[in-house]
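Data block for upload-v3.cif (mmCIF, C-alpha atoms):
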```cif
data_target
#
loop_
_atom_site.label_atom_id
_atom_site.label_comp_id
_atom_site.auth_asym_id
_atom_site.auth_seq_id
_atom_site.Cartn_x
_atom_site.Cartn_y
_atom_site.Cartn_z
CA MET A 22 -8.56 -9.51 13.00
CA PRO A 23 -6.48 -6.56 11.81
CA ILE A 24 -5.20 -6.20 8.26
CA ASP A 25 -1.47 -6.77 7.83
CA LEU A 26 0.28 -3.79 6.24
CA TYR A 27 3.80 -4.28 4.93
CA TYR A 28 5.48 -0.89 4.78
CA ILE A 29 8.47 1.36 5.28
CA SER A 30 7.97 4.67 7.07
CA LEU A 31 10.04 6.66 4.56
CA SER A 32 7.58 5.84 1.79
CA PRO A 33 4.89 8.46 1.05
CA PRO A 34 2.57 5.81 -0.44
CA CYS A 35 2.88 3.68 2.70
CA ARG A 36 2.13 6.67 4.89
CA SER A 37 -0.96 7.54 2.85
CA VAL A 38 -2.34 4.05 3.58
CA MET A 39 -1.60 4.43 7.29
CA MET A 40 -3.42 7.78 7.43
CA THR A 41 -6.38 6.49 5.45
CA ALA A 42 -6.72 3.37 7.59
CA TYR A 43 -6.78 5.38 10.81
CA MET A 44 -9.20 7.98 9.47
CA ALA A 45 -11.50 5.18 8.30
CA GLY A 46 -11.33 3.30 11.59
CA VAL A 47 -9.63 0.26 10.05
CA ASP A 48 -7.43 -1.80 12.39
CA ILE A 49 -4.05 -2.57 10.82
CA ASN A 50 -1.10 -4.64 11.94
CA LEU A 51 2.10 -2.88 10.86
CA LYS A 52 4.86 -5.07 9.44
CA MET A 53 7.94 -3.05 8.57
CA LEU A 54 10.23 -4.38 5.87
CA ASN A 55 13.95 -3.69 5.79
CA LEU A 56 14.57 -3.07 2.11
CA MET A 57 18.33 -2.77 2.64
CA ASN A 58 18.24 -6.36 3.94
CA ARG A 59 16.14 -7.25 0.88
CA ASP A 60 13.18 -8.40 2.96
CA GLN A 61 10.99 -7.65 -0.05
CA LEU A 62 12.74 -10.39 -2.03
CA LYS A 63 12.35 -13.14 0.54
CA PRO A 64 10.19 -16.07 -0.64
CA GLU A 65 7.51 -15.48 1.99
CA PHE A 66 6.94 -11.91 0.79
CA LEU A 67 7.21 -12.76 -2.90
CA LYS A 68 4.41 -15.26 -2.33
CA ILE A 69 2.25 -12.40 -1.08
CA ASN A 70 3.36 -9.88 -3.69
CA PRO A 71 5.48 -11.01 -6.65
CA GLN A 72 5.90 -7.33 -7.58
CA HIS A 73 7.76 -7.02 -4.22
CA ASN A 74 6.81 -3.42 -3.55
CA VAL A 75 5.26 -1.60 -0.61
CA PRO A 76 2.71 -0.85 0.61
CA THR A 77 1.12 -4.29 0.49
CA ILE A 78 -1.81 -5.50 2.56
CA VAL A 79 -3.08 -8.95 3.48
CA ASP A 80 -6.70 -8.95 4.67
CA GLU A 81 -7.99 -11.39 7.24
CA ASP A 82 -9.41 -13.64 4.51
CA GLY A 83 -6.02 -13.81 2.76
CA PHE A 84 -6.83 -11.21 0.11
CA CYS A 85 -3.60 -9.45 -0.97
CA LEU A 86 -3.33 -6.04 -2.56
CA ASN A 87 -0.54 -3.63 -3.41
CA GLU A 88 -0.36 -0.07 -4.79
CA SER A 89 -1.28 2.58 -2.24
CA HIS A 90 -4.20 4.25 -3.97
CA ALA A 91 -5.89 0.92 -4.72
CA ILE A 92 -5.42 0.00 -1.06
CA CYS A 93 -6.91 3.27 0.19
CA MET A 94 -9.97 2.86 -2.02
CA TYR A 95 -10.37 -0.76 -0.93
CA LEU A 96 -10.21 0.14 2.76
CA ILE A 97 -12.93 2.76 2.36
CA ASN A 98 -15.10 0.59 0.12
CA ARG A 99 -14.97 -2.49 2.35
CA TYR A 100 -14.59 -1.12 5.87
CA GLY A 101 -15.23 2.61 5.88
CA GLY A 102 -18.99 2.65 6.30
CA GLN A 103 -20.74 5.91 7.12
CA LYS A 104 -17.83 7.08 9.28
CA ALA A 105 -15.48 7.28 6.32
CA GLN A 106 -17.92 7.93 3.48
CA HIS A 107 -16.75 11.52 3.16
CA LEU A 108 -13.20 10.36 2.43
CA TYR A 109 -14.33 8.67 -0.79
CA PRO A 110 -17.95 9.66 -1.56
CA GLU A 111 -20.13 7.36 -3.67
CA ASP A 112 -21.19 10.15 -6.03
CA ALA A 113 -19.72 9.30 -9.45
CA LYS A 114 -18.49 12.78 -10.27
CA GLN A 115 -16.92 13.33 -6.85
CA ARG A 116 -15.16 9.99 -7.13
CA ALA A 117 -13.97 10.81 -10.63
CA VAL A 118 -12.27 13.96 -9.35
CA ILE A 119 -10.68 12.06 -6.47
CA ASP A 120 -9.53 9.29 -8.83
CA GLN A 121 -8.06 11.91 -11.15
CA LEU A 122 -6.05 13.41 -8.30
CA LEU A 123 -4.87 10.00 -7.09
CA ASN A 124 -3.63 9.26 -10.59
CA PHE A 125 -1.99 12.68 -10.70
CA ASP A 126 -0.21 11.97 -7.43
CA SER A 127 1.20 8.64 -8.60
CA SER A 128 2.04 9.60 -12.19
CA VAL A 129 3.10 13.24 -11.74
CA LEU A 130 3.76 14.56 -8.22
CA PHE A 131 5.25 11.45 -6.60
CA ALA A 132 6.85 10.29 -9.86
CA ASN A 133 8.50 13.67 -10.50
CA THR A 134 9.86 13.77 -6.97
CA ARG A 135 11.28 10.27 -7.32
CA ASP A 136 12.80 11.04 -10.72
CA LEU A 137 14.49 14.15 -9.33
CA PHE A 138 16.04 12.73 -6.19
CA ILE A 139 16.65 9.01 -6.82
CA PRO A 140 19.56 9.50 -9.27
CA VAL A 141 21.42 11.48 -6.58
CA VAL A 142 20.33 9.42 -3.60
CA MET A 143 20.76 5.96 -5.08
CA HIS A 144 22.93 6.21 -8.19
CA GLY A 145 25.60 8.77 -7.36
CA ALA A 146 24.54 11.52 -9.77
CA LYS A 147 26.58 14.69 -9.25
CA GLN A 148 23.72 17.12 -9.84
CA LEU A 149 19.97 17.28 -10.08
CA ASP A 150 18.82 16.73 -13.64
CA PRO A 151 17.64 20.14 -14.98
CA ALA A 152 14.67 18.69 -16.89
CA ALA A 153 13.58 16.63 -13.88
CA LEU A 154 13.90 19.72 -11.68
CA LYS A 155 11.63 21.70 -14.01
CA ASN A 156 9.08 18.87 -14.09
CA PHE A 157 9.24 18.64 -10.30
CA HIS A 158 8.22 22.27 -9.85
CA ASP A 159 5.64 22.07 -12.62
CA GLY A 160 3.91 19.27 -10.73
CA ILE A 161 3.88 21.20 -7.47
CA GLY A 162 2.57 24.22 -9.35
CA PHE A 163 -0.41 22.25 -10.66
CA VAL A 164 -1.38 21.39 -7.07
CA ASP A 165 -1.08 25.03 -6.04
CA ILE A 166 -3.31 26.16 -8.92
CA ARG A 167 -5.95 23.60 -7.99
CA LEU A 168 -6.00 24.80 -4.39
CA ALA A 169 -6.41 28.46 -5.34
CA ASP A 170 -10.22 28.23 -5.26
CA SER A 171 -10.76 25.21 -3.04
CA ALA A 172 -10.07 24.46 0.60
CA TYR A 173 -9.21 20.87 -0.27
CA ALA A 174 -7.94 19.14 -3.37
CA ALA A 175 -11.26 17.59 -4.43
CA GLY A 176 -13.69 20.09 -2.95
CA GLN A 177 -14.60 21.53 0.42
CA HIS A 178 -13.71 18.63 2.70
CA LEU A 179 -10.84 16.21 3.23
CA THR A 180 -10.72 13.10 1.02
CA ILE A 181 -8.22 10.36 0.25
CA ALA A 182 -6.96 12.62 -2.55
CA ASP A 183 -5.75 15.09 0.09
CA ILE A 184 -4.25 12.29 2.14
CA ALA A 185 -2.22 11.01 -0.82
CA LEU A 186 -1.08 14.50 -1.77
CA VAL A 187 -0.18 15.31 1.84
CA ALA A 188 2.09 12.27 1.96
CA SER A 189 3.94 13.53 -1.12
CA ILE A 190 3.99 17.23 -0.22
CA SER A 191 5.13 16.59 3.36
CA SER A 192 8.10 14.63 2.01
CA ILE A 193 9.06 17.52 -0.25
CA ASP A 194 8.67 19.96 2.63
CA ALA A 195 10.91 17.77 4.81
CA VAL A 196 13.69 17.90 2.23
CA ASP A 197 13.69 21.71 2.46
CA SER A 198 10.73 23.92 3.31
CA ARG A 199 12.04 26.62 0.96
CA ILE A 200 10.88 24.48 -1.96
CA LEU A 201 7.27 25.34 -1.10
CA ASP A 202 7.84 29.04 -0.35
CA LYS A 203 6.30 30.28 -3.60
CA TYR A 204 3.24 28.03 -3.32
CA SER A 205 1.01 29.93 -0.89
CA HIS A 206 -2.13 27.88 -1.54
CA ILE A 207 -0.30 24.64 -0.82
CA GLN A 208 1.09 26.05 2.41
CA LYS A 209 -2.37 26.99 3.71
CA TRP A 210 -3.88 23.66 2.65
CA PHE A 211 -0.97 21.68 4.12
CA LYS A 212 -1.40 23.32 7.53
CA ARG A 213 -5.15 22.70 7.36
CA CYS A 214 -4.66 19.01 6.59
CA GLN A 215 -2.07 18.55 9.31
CA LYS A 216 -4.61 19.76 11.86
CA GLU A 217 -7.43 17.61 10.48
CA ILE A 218 -5.61 14.30 10.00
CA ALA A 219 -5.66 12.47 13.33
CA HIS A 220 -2.29 11.47 14.81
CA TYR A 221 -0.59 13.24 11.93
CA ASP A 222 2.96 13.13 13.28
CA GLU A 223 2.78 9.46 14.21
CA LEU A 224 1.25 8.37 10.91
CA ASN A 225 3.02 10.72 8.50
CA GLY A 226 5.08 13.56 9.93
CA ASN A 227 7.80 11.46 11.52
CA GLY A 228 8.20 9.31 8.43
CA ALA A 229 8.38 12.41 6.24
CA LYS A 230 11.22 13.73 8.40
CA LEU A 231 13.11 10.47 7.90
CA TYR A 232 12.56 10.77 4.15
CA GLY A 233 13.72 14.38 4.19
CA GLN A 234 16.90 13.57 6.08
CA PHE A 235 17.62 10.66 3.74
CA VAL A 236 17.46 12.97 0.72
CA LYS A 237 19.28 15.85 2.44
CA ASN A 238 22.21 13.58 3.27
CA ALA A 239 22.67 13.00 -0.46
CA LEU A 240 22.10 16.62 -1.50
CA GLU A 241 24.82 17.79 0.89
CA LYS A 242 27.35 15.97 -1.27
CA ILE A 243 26.53 17.85 -4.48
CA ASP A 244 26.22 21.43 -5.70
CA VAL A 245 22.45 21.94 -5.64
CA GLN A 246 20.95 24.34 -8.17
CA GLU A 247 19.26 27.36 -6.62
CA SER A 248 16.18 26.65 -8.74
CA LEU A 249 15.35 23.72 -6.43
CA TYR A 250 14.47 26.29 -3.77
CA THR A 251 13.18 29.14 -5.92
CA GLY A 252 11.31 27.29 -8.64
CA LYS A 253 12.63 29.86 -11.12
CA PHE A 254 14.09 28.76 -14.44
CA ASP A 255 15.63 30.48 -17.45
CA VAL A 256 13.25 30.54 -20.40
#
```

Written as structure tokens, that's how I'd like the structure from this file.
Amino acid sequence: MPIDLYYISLSPPCRSVMMTAYMAGVDINLKMLNLMNRDQLKPEFLKINPQHNVPTIVDEDGFCLNESHAICMYLINRYGGQKAQHLYPEDAKQRAVIDQLLNFDSSVLFANTRDLFIPVVMHGAKQLDPAALKNFHDGIGFVDIRLADSAYAAGQHLTIADIALVASISSIDAVDSRILDKYSHIQKWFKRCQKEIAHYDELNGNGAKLYGQFVKNALEKIDVQESLYTGKFDV
């Protein structure tokens, strides 16, 4: 039986689980939630996940798990086998690097992007917070530095670290591709990953476009600082 995945396509974390599952050969049953209708707060979902966030999975034995990176690791560990071993190698040092990057994605790259755009998108802020904007570009810059000497984020082949970062970077790119203009290493890596991740548009690209349009609709209503696109700030 397939694993149930509760998700929304706009969400980078949800899309990272979808990409990982496909690359690992794991059969999933997609169950989209309508957050505007507060599906996540309905009793039947709260029973599965009291934290009421997505992505959330329910395995065939009833095991429930939320948080995207934990889900990706679980899918590889339980179902990946030899086919998906390269996505999350058993070597302790390789895993440590991948785990570091997954934590970076959730606590820095994804978090900085959320902190920059959510006040405008959801709370009616009239401009992008300058400190959040600086942090946003700092986070992207760290990814670019890491990719300067490596074809992939955690080494010389694709791993779940790349998949998680791709979900975040593709969402930023969909808001406005100019944001990534100064990050040449990211651009090369992003194109490489798009070619390597099977069914990329279906699993991630289309959802990223929805995310981008959602944010752009809000940005069109405010005077956006040029530094969003240039990444240049006064010292």

Tell me, counting all atoms listed in the file, for each residue of region 153-223 of chain A within 7 Å of region 123-139 of chain A, which pair of atoms is nearest and how far apart they are in Å to one decimal, in rows ordered by chain and increasing number, as JSON lines.
```
{"residue": "A:Ala153", "atom": "CA", "partner": "A:Leu137", "partner_atom": "CA", "distance": 5.3}
{"residue": "A:Leu154", "atom": "CA", "partner": "A:Leu137", "partner_atom": "CA", "distance": 6.1}
{"residue": "A:Asn156", "atom": "CA", "partner": "A:Asn133", "partner_atom": "CA", "distance": 6.3}
{"residue": "A:Phe157", "atom": "CA", "partner": "A:Asn133", "partner_atom": "CA", "distance": 5.0}
{"residue": "A:Gly160", "atom": "CA", "partner": "A:Leu130", "partner_atom": "CA", "distance": 5.3}
{"residue": "A:Ile161", "atom": "CA", "partner": "A:Leu130", "partner_atom": "CA", "distance": 6.7}
{"residue": "A:Ala182", "atom": "CA", "partner": "A:Leu123", "partner_atom": "CA", "distance": 5.6}
{"residue": "A:Ala185", "atom": "CA", "partner": "A:Leu123", "partner_atom": "CA", "distance": 6.9}
{"residue": "A:Leu186", "atom": "CA", "partner": "A:Asp126", "partner_atom": "CA", "distance": 6.3}
{"residue": "A:Ser189", "atom": "CA", "partner": "A:Phe131", "partner_atom": "CA", "distance": 6.0}
```

**Request:** Could you tell me which residues the PyMOL selection byres ((chain A and resi 245) around 12) grabs in this file, written as a ChimeraX atom specification?
**Result:** /A:137-138,141,146-151,154,197,237,239-244,246-251

**Message:** I'd like the neighbourhood of Leu108 (chain A) as a PyMOL selection string, where a residue qualifies if any of its atoms comes within 7 Å (using all atoms listed in the file), though same-chain residues fewer than 6 positions away should be ignored.
**Reply:** chain A and resi 179-181

Set up a box along x, y and z of the file covering all listed atoms of region 195-211 of chain A, add 3 Å on every one of the six sides, and write the centre and edge lengths in Å to one decimal, as AutoDock Vina command-line options.
```
--center_x 4.9 --center_y 24.0 --center_z 0.6 --size_x 23.6 --size_y 18.5 --size_z 14.4
```

**Asked** the PyMOL selection byres ((chain A and resi 55) around 12) on the file shown: which residues, as an MDAnalysis selection string?
**Response** chainID A and resid 27:31 52:54 56:63 66 74:75

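Distances here use only C-alpha atoms; by that measure, the residue among A:His144, A:Lys114, A:Lys230, A:Lys104 closest to Ala188 (chain A) is A:Lys230.
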
**Message:** Please compute the CA of His158 (chain A)-CA of Tyr204 (chain A) distance, one decimal, in Å.
**Reply:**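 Separating CA of His158 (chain A) from CA of Tyr204 (chain A) is a distance of 10.0 Å.
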
**Distance in Å - CA of Tyr95 (chain A) versus CA of Asn225 (chain A)** =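 Separation of CA of Tyr95 (chain A) and CA of Asn225 (chain A): 20.0 Å.
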